[in-house]
Amino acid sequence: MALLELRNVSKIYHLGGEEIRALDDVSLDIGAGEFVSIIGPSGSGKSTLMHILGCLDTPSHGTVTLDGIQVEKASASELARVRNRKIGFVFQFFNLLPKLNVVQNVELPMIYAGVSGSQRREQALQALEMVELGNRLKNRPSQLSGGQQQRVAIARALVNNPRIIFADEPTGNLDTHTGEVILALFRRLSQEGRTVILVTHNPEIAAVTPRRIEIRNGRIAEKVDARLAGLDRLAASATPAAAVAGA
Amino acid sequence: MTLWNAIAVGLKEIWAHKFRSLLTMLGIVLGVSSLVTMSAMVQGMENGAREALVAVGGLEKIRVEAQSVPVEQRHLRDFATGVTLDDVRALEFSAPDISKVSPELRFDRPPTLAAGGKTHRTWMTAGVWPIQMQLMEHVIEHGRMFSDLDNELARNVCVIGTGIRDELFGKPEDTGEPVNPVGRTLTINGYPFTIVGMFTHYESEQDRKVREARLREQAAALAAGKTNAASGARRDRGWGGGGGRRGNFAFWIKNNTVYVPLNTMWMKMKSGESNAPAVPKLSSMEIKLRDSGRINEALTQVRNVLMVTHRGIEDFSFRTQEDRAEEIDTFIRNARVSGGLIAGISLLVGGIGIMNIMLASISERIREIGIRKAVGAGDGSVFIQIVIESTVIAVVGGLMGLATSFAFIRLISFLTPTDNAPVVTAGSMSLAFGASAAIGILAGLLPAFRAARMNVIQALRYD
Ligand SMILES: Nc1ncnc2c1ncn2[C@@H]1O[C@H](COP(=O)(O)OP(=O)(O)OP(=O)(O)O)[C@@H](O)[C@H]1O
Ligand SMILES: [Mg+2]
């Protein structure tokens, strides 16, 4: 069984009698340890898909299974728990709390996980060391550059040691060079064995991932770039049908 | 999220919006301080009233007063004898539940007292038996109470309170040395009387403390060699005060007492009046019960005895201290309820203010709430965080209110000095504080509910 399984998932919005199918009958598997990009033009449904995969939202139709949990049936507090323990998010606009300093921002998920104060500090420091920000602990987000803020956000996403990392346009607000630094970080996370899912509209960024899921008008048109895929990845990241057959 | 964390977040929010939080807290501050101040003042009044109750003889004292014949017995009024010494004797012999009884005969109009060219009029002049002294809990400071013999012989002697001494012979505070009027003479409506005794000065606890403090101040000023020793006293406006009525009314009355023997009163001053009856008609009787717990039985006993001596004509009435105690209770209760209402309204207004500011705060922090939920805050955690924040505002306001109430009490004591110093009780403080905490929780519920119900994605997208 794959880590993430979507079966016939639709997300339908109703706007003044008009029906908007942000996702239209999507079926998809993502295995543990995969490095995936979700790519498509603006308004195609990338963010919607990521929200459903990341338990921020529930589908209108279809089933979602994350690590064996039936997401569409779970309660709001169960989903909060899943997000807290199994998932880390990185957003385009960083989404750090402006009134908290760097360490406090990184500690935030652990507060809701019930981790004790001293251990929180220790884990937050480790995560910040990893993104090379161990020297900016007491700064407010507004005192950091965009790239630094995004690294804080990555540290926050990592700090509860989740299995899956989602990033929605993580480089969208950064210059090319800084974007490359951030992408290198995601590549490293993937090499460490985490499942990393990158949402982007930029084919150059999508090109760094072995597997690319392309979305148009809420439907999937998947492409795999075998050149970048490691040998072992290739087997795991074939077409959905192959993945199901493999599992 | 631990409780301590949530409280710290709440305090930070308050600190981040200092001025706004202060304005929000104002309602709670005023509510709590008015509650504490009001209850301190009522408590002071209650203490004063209870002290006064004890000063006039306590619960086990009752008073029988002569009154006109009731309407339904009007046709019998020629047979009505009024309250007489026969009643006193009958009660002494036939009512075992009473321990002491003393007749009292007063003037119809306040008599004029005079001595050394000064005059003074007082209602509290009465002809009594010596036993009256024990009944009214009087204490002699100088001289003696007149004796049964003085009464038998209808001697022109009297015992006075310090208030009379102050009026006719001068205050010790003014002259700077004790004034002992024993042995001197005063006239009552022109009849000369020798003063054989003077009662001690009666005052409430509060007055005593203030007076002693002033004495110490004066002594200190004298010791420091200041020439005008009075300056210390004059600075102290209000309580200190010049002449006139001061202190608790009950104590003032007690200090203005003049007792003469009943027989003297009757034979020398009343029997000569044109409408004087053949036997002395008393104004009233003071009665002391053996046991304040048997007040109803004793009252029935007294009534039965008097119904016999009065041949069934009810030309007398009872005035018990229980009535007075009840009056005090009612007054205190009313004062509490109305004061509590005012304080309650201002607490309510404070609560609405907090709710308002919390609603504003959560709409400013929609994105923050979205972020917290995205990283794993459950609806419950968000709910509790908002409730705690509003509780923290209310509790901080409550603490400030407690502090302010002491300033209020000082201010009020300064502006309108009363005989009864306000008494702040731990009960009223914890009540006010508890109320502010409860209001904080209640005011936080609606905003917290809204915050908890926010949709994660909409909240994250909000800007
Ligand atoms: N709350 C909503 N109500 C109505 N329509 C919505 C809502 N959220 C998304 N949509 C619609 O769903 C479609 C997919 O939106 P989504 O945000 O997933 O696009 P996207 O691929 O992430 O685009 P972008 O690259 O611009 O971020 C769009 O047409 C959008 O208008
Ligand atoms: Mg998007």
# chains A, B, ... in the order shown; residues from 1 in each chain; ligands from 1
>>> interface_residues(of="chain B", to="chain A", cutoff="10 Å", atoms="only C-alpha atoms", output="list in words")
Met1, Thr2, Asn5, Val9, Lys12, Glu13, Ala16, Arg365, Arg367, Glu368, Ile369, Gly370, Ile371, Arg372, Lys373, Ala374, Val375, Gly376, Ala377, Gly378, Asp379, Gly380, Ser381, Arg453, Asn455, Val456, Ile457, Leu460 and Arg461 of chain B
>>> residues_near_ligand(ligand="ligand 1", cutoff="6 Å", atoms="only C-alpha atoms and all ligand atoms", output="PyMOL selection string")
chain A and resi 13+22+41-48+201
>>> select_by_dssp(residues="range 14-171 of chain A", states="strand (DSSP E or B)", output="PyMOL selection string")
chain A and resi 14-15+18-30+35-39+61-66+69-70+87-90+164-168
>>> closest_residue(among="B:Asn180, B:Gln321, B:Ser292, B:Gln218", to="Arg50 in chain B", atoms="only C-alpha atoms")
B:Gln321
>>> closest_residue(among="A:Ile205, A:Ala32, A:Val26, A:Ile197", to="Leu183 in chain A", atoms="only C-alpha atoms")
A:Ile205
>>> atom_distance(atom1="CA of Pro447 in chain B", atom2="CA of Ile393 in chain B")
13.9 Å
>>> closest_residue(among="A:Ser10, A:Thr209, A:Gln149, A:Ser118", to="Thr178 in chain A", atoms="only C-alpha atoms")
A:Gln149
